[in-house]
Amino acid sequence: MKHHFLHYMDQVIHNRWRDVAFVDYGEKTQYTHGEVAQQVQRLHKLFRLLGIQPGDKIAIASRNCSNWVVSYMAIMSYKAVAVTLLQDFKAEDLARLLSHSDSKMLIVGPYVWRELQKQQLPNLEAIMSMDDFSFIHLSEPYKGHVEHVMSEPSTLTENTFFSLVRDGEIDLDSLALINYTSGSTGSPKGVMVSHRSLSNNTENGLHILPVEPGQRVVSMLPLAHMFGQLADFLYPFSAGSTIYYLTKAPTPSILLKAMADVKPYLVATVPLVIEKIHKKKLDPLLSKTVLKICWYTPLVMNFIRNHVRKSLVKAFGGQVRYFLCGGAAMNPIVEKCLLDVNFPLTIGFGMTECGPLVSGLPPKYFKRRSCGAPVPGMEAKIDNPNEKGEGEILVRGENVMMGYYKNEEATKAAFTEDGWLRTGDLGYMDNKNNIFIRGRIKSMFLGASGQNIYPEEIEDKLNNQTGVAESVVVEREGKLIGLVFPDEETTKGFSIAEVERMMKENLKKLNDLLPSYSRVHDIEVKQEPFEKTPKKSIKRFLYK
């Protein structure tokens, strides 16, 4: 690692002072790089007047927006600690986490505040609106003394010296942020991420997916999640990208319109987005007998595949150079289709505890069904591999967390005695260090004859059956049961009995694809979508 990530942002601000940096898509708010610097300067003055010290905690809880990233930059460059909270947390959980994190200040969006204001928040000295940086609450000593700061004219100009950070000014091994996870297996824990982790992650992004200044990004991932922070802010902004933030839920119509308007070079998303597009747009087309034959017929194969690739690129704005997926496993049929047409897909492996990158490669080096090789500054190995070379994936390196905030027991359990982080994922590595994930340790079942059964692999096949939107495989009294939420478009107008008959047919087809030891005993139809984490992984622990 060469520099702190703020060093790259400094250069971008100076070189692109009058150019647009952040835009709230479909709304009025936008900032030039110079205006970002001016807002950061105002926030620094405000922090000083509020008595905020380096190392103090400032929480952010809001939708994605330009003010979110401006707040983050101000906190980091002030040497305070950012506490990034998902706006989807329940109000009582947010209140508990604000207390647990020892936050002194909160910058909050209106959606969150509507519910959060009903909670007791005794430790916060200041609460500020994310919408316009106005004060919602101030402790008595500060009333009348700081309200004017954010509206004061800035003294910064293009020719004024301004620096977010000077090399060596911030201890790279000091605490930068606390990120409270919202995992698929349990309660939130406060992951302590260092400046070194964020900086190494940023440099790896610049190395793996190079970008030119002025290229655009549409941000759809939650910024309070580490994947969103890296892919939709830290890395592209450090390279000089202009970032458009979707301030509303990225429904297909909103997302595709934004892509057409912005024409991004990078799309960073979770597999669910591309799987939905594949299922609705490509699957009906590719299921036709003629196209199935043409797909592998030498004389016409290239023509058909090029047409599909161009259609996909056009759907994402026409200028996509990288399509980065992470956060969950991609359906193998969808992945194969994308790689067959030479779509610029790459899939990485990450976790909040690694800020988030563990592995990843440029699209041209990406190997099917893998999630890339360890990024510079990181290494991985398989713990206690079986005869197939499979075992728990362990990692260590510059990206690894400092531990869980105020939770020594969980921190100790997360590491081996010799300092490797336990990822909780089962997989193997090939001779080029590509990592292949089979599933989560906590979700694996043990078959009657001792075979490892990975529910994720069964779900991949079940999700490809007619009328299935999503599924979870659970174990009940030694039998595997498939819980299914039907695809509403395919089953529109069907009675419950008709849907259940369809699933009985799906069960037969599914079991024909599975070895005897992992066959599913029954399929149970759910009436509501499965509850998910912000990265769209199903919360498995809720389903039995």
# chains A, B, ... in the order shown; residues from 1 in each chain; ligands from 1
call {"tool": "closest_atom_pairs", "arguments": {"of": "region 408-519 of chain A", "to": "region 379-392 of chain A", "cutoff": "8 Å", "atoms": "only C-alpha atoms", "output": "Markdown table"}}
result
| residue | atom | partner | partner_atom | distance |
| --- | --- | --- | --- | --- |
| A:Arg422 | CA | A:Glu392 | CA | 7.3 |
| A:Thr423 | CA | A:Glu392 | CA | 7.2 |
| A:Gly424 | CA | A:Glu392 | CA | 6.4 |
| A:Asp425 | CA | A:Glu392 | CA | 5.6 |
| A:Leu426 | CA | A:Glu392 | CA | 4.4 |
| A:Gly427 | CA | A:Glu390 | CA | 5.1 |
| A:Tyr428 | CA | A:Glu390 | CA | 4.7 |
| A:Met429 | CA | A:Ile382 | CA | 7.5 |
| A:Ile441 | CA | A:Glu392 | CA | 7.6 |
call {"tool": "write_last_selection", "arguments": {"atoms": "C-alpha atoms", "output": "short mmCIF file (atom, residue, chain, number, x, y, z; two decimals), in the first residue's frame"}}
result
data_model
loop_
_atom_site.label_atom_id
_atom_site.label_comp_id
_atom_site.auth_asym_id
_atom_site.auth_seq_id
_atom_site.Cartn_x
_atom_site.Cartn_y
_atom_site.Cartn_z
CA ARG A 422 -12.09 -17.48 10.24
CA THR A 423 -14.41 -16.50 7.38
CA GLY A 424 -17.10 -19.06 8.19
CA ASP A 425 -17.13 -20.05 4.51
CA LEU A 426 -16.33 -23.54 3.24
CA GLY A 427 -14.43 -23.88 -0.01
CA TYR A 428 -11.21 -24.78 -1.78
CA MET A 429 -8.44 -23.11 -3.80
CA ILE A 441 -20.36 -23.56 7.79
#
call {"tool": "select_by_dssp", "arguments": {"residues": "region 346-505 of chain A", "states": "helix (DSSP H, G or I)", "output": "PyMOL selection string"}}
result
chain A and resi 352-354+363-365+408-414+441-443+455-462+496-505
call {"tool": "write_last_selection", "arguments": {"atoms": "C-alpha atoms", "output": "short mmCIF file (atom, residue, chain, number, x, y, z; two decimals), in the first residue's frame"}}
result
data_model
loop_
_atom_site.label_atom_id
_atom_site.label_comp_id
_atom_site.auth_asym_id
_atom_site.auth_seq_id
_atom_site.Cartn_x
_atom_site.Cartn_y
_atom_site.Cartn_z
CA THR A 352 -17.31 -6.69 6.47
CA GLU A 353 -14.42 -7.95 8.63
CA CYS A 354 -12.05 -7.35 5.69
CA PRO A 363 -12.87 -9.66 -15.82
CA LYS A 364 -10.33 -11.01 -18.34
CA TYR A 365 -8.68 -13.16 -15.65
CA GLU A 408 -13.53 -9.60 23.22
CA GLU A 409 -15.24 -12.99 23.26
CA ALA A 410 -16.47 -12.69 19.67
CA THR A 411 -13.10 -11.27 18.57
CA LYS A 412 -11.22 -14.20 20.09
CA ALA A 413 -13.60 -16.70 18.46
CA ALA A 414 -13.09 -15.07 15.04
CA ILE A 441 -20.36 -23.56 7.79
CA LYS A 442 -23.46 -22.62 9.75
CA SER A 443 -25.80 -23.60 6.91
CA PRO A 455 -28.03 -25.99 0.79
CA GLU A 456 -26.81 -23.16 -1.44
CA GLU A 457 -26.03 -25.66 -4.22
CA ILE A 458 -29.51 -27.19 -3.97
CA GLU A 459 -31.08 -23.72 -3.97
CA ASP A 460 -29.23 -22.80 -7.17
CA LYS A 461 -30.97 -25.69 -8.93
CA LEU A 462 -34.33 -25.10 -7.26
CA ILE A 496 -52.67 -21.92 -4.20
CA ALA A 497 -53.47 -25.49 -5.23
CA GLU A 498 -52.15 -24.86 -8.77
CA VAL A 499 -48.92 -23.37 -7.42
CA GLU A 500 -48.47 -26.35 -5.11
CA ARG A 501 -48.97 -28.77 -8.03
CA MET A 502 -46.33 -26.85 -10.00
CA MET A 503 -43.94 -27.22 -7.06
CA LYS A 504 -44.60 -30.98 -6.88
CA GLU A 505 -43.47 -31.20 -10.51
#
call {"tool": "residues_around", "arguments": {"residues": "region 302-316 of chain A", "least_positions_apart": "6", "cutoff": "8 Å", "atoms": "only C-alpha atoms", "output": "PDB file with C-alpha atoms, in the first residue's frame"}}
result
ATOM      1  CA  LEU A 256     -32.646   1.004 -15.816  1.00  0.00           C
ATOM      2  CA  MET A 259     -28.331   3.523 -16.254  1.00  0.00           C
ATOM      3  CA  ALA A 260     -29.643   4.956 -19.534  1.00  0.00           C
ATOM      4  CA  LYS A 263     -24.137   5.609 -18.800  1.00  0.00           C
ATOM      5  CA  PRO A 264     -21.797   4.253 -16.086  1.00  0.00           C
ATOM      6  CA  VAL A 267     -21.891  -1.445 -12.249  1.00  0.00           C
ATOM      7  CA  CYS A 294     -27.639 -21.965 -32.190  1.00  0.00           C
ATOM      8  CA  TRP A 295     -25.917 -21.202 -28.872  1.00  0.00           C
ATOM      9  CA  LEU A 338     -22.752 -14.014 -19.004  1.00  0.00           C
ATOM     10  CA  ASP A 340     -20.372 -17.271 -22.722  1.00  0.00           C
ATOM     11  CA  VAL A 341     -21.265 -13.888 -24.237  1.00  0.00           C
ATOM     12  CA  ASN A 342     -18.036 -12.264 -22.975  1.00  0.00           C
ATOM     13  CA  PHE A 343     -19.881  -9.886 -20.641  1.00  0.00           C
TER      14      PHE A 343
END
call {"tool": "residues_around", "arguments": {"residues": "Leu138 (chain A)", "least_positions_apart": "4", "cutoff": "7 Å", "atoms": "only C-alpha atoms", "output": "ChimeraX atom specification"}}
result
/A:125-127,142-143
call {"tool": "closest_atom_pairs", "arguments": {"of": "region 54-78 of chain A", "to": "region 158-166 of chain A", "cutoff": "12 Å", "atoms": "only C-alpha atoms", "output": "CSV"}}
result
residue,atom,partner,partner_atom,distance
A:Val70,CA,A:Leu164,CA,11.9
A:Tyr72,CA,A:Leu164,CA,11.9
A:Met73,CA,A:Leu164,CA,8.2
A:Ala74,CA,A:Leu164,CA,8.3
A:Ile75,CA,A:Leu164,CA,10.4
A:Met76,CA,A:Leu164,CA,8.7
A:Ser77,CA,A:Leu164,CA,5.4
A:Tyr78,CA,A:Leu164,CA,8.2
call {"tool": "residues_around", "arguments": {"residues": "region 210-214 of chain A", "least_positions_apart": "6", "cutoff": "7 Å", "atoms": "only C-alpha atoms", "output": "number ranges by chain"}}
result
A: 239-242
call {"tool": "write_last_selection", "arguments": {"atoms": "all heavy atoms", "output": "PDB file, in the first residue's frame"}}
result
ATOM      1  N   ALA A 239     -10.416   7.762  -7.888  1.00  0.00           N
ATOM      2  CA  ALA A 239      -9.917   7.764  -9.261  1.00  0.00           C
ATOM      3  C   ALA A 239     -10.455   8.933 -10.073  1.00  0.00           C
ATOM      4  O   ALA A 239     -10.063   9.115 -11.228  1.00  0.00           O
ATOM      5  CB  ALA A 239     -10.299   6.446  -9.941  1.00  0.00           C
ATOM      6  N   GLY A 240     -11.361   9.722  -9.493  1.00  0.00           N
ATOM      7  CA  GLY A 240     -11.882  10.881 -10.204  1.00  0.00           C
ATOM      8  C   GLY A 240     -13.222  10.668 -10.873  1.00  0.00           C
ATOM      9  O   GLY A 240     -13.630  11.457 -11.733  1.00  0.00           O
ATOM     10  N   SER A 241     -13.950   9.617 -10.474  1.00  0.00           N
ATOM     11  CA  SER A 241     -15.272   9.368 -11.056  1.00  0.00           C
ATOM     12  C   SER A 241     -16.298  10.370 -10.536  1.00  0.00           C
ATOM     13  O   SER A 241     -16.157  10.910  -9.438  1.00  0.00           O
ATOM     14  CB  SER A 241     -15.759   7.953 -10.708  1.00  0.00           C
ATOM     15  OG  SER A 241     -14.963   6.979 -11.316  1.00  0.00           O
ATOM     16  N   THR A 242     -17.340  10.582 -11.321  1.00  0.00           N
ATOM     17  CA  THR A 242     -18.524  11.304 -10.866  1.00  0.00           C
ATOM     18  C   THR A 242     -19.554  10.249 -10.461  1.00  0.00           C
ATOM     19  O   THR A 242     -19.850   9.340 -11.232  1.00  0.00           O
ATOM     20  CB  THR A 242     -19.097  12.197 -11.973  1.00  0.00           C
ATOM     21  OG1 THR A 242     -18.106  13.156 -12.359  1.00  0.00           O
ATOM     22  CG2 THR A 242     -20.348  12.920 -11.513  1.00  0.00           C
TER      23      THR A 242
END
call {"tool": "closest_residue", "arguments": {"among": "A:Tyr25, A:Tyr265, A:Tyr405, A:Phe135", "to": "Pro344 (chain A)", "atoms": "only C-alpha atoms"}}
result
A:Tyr265
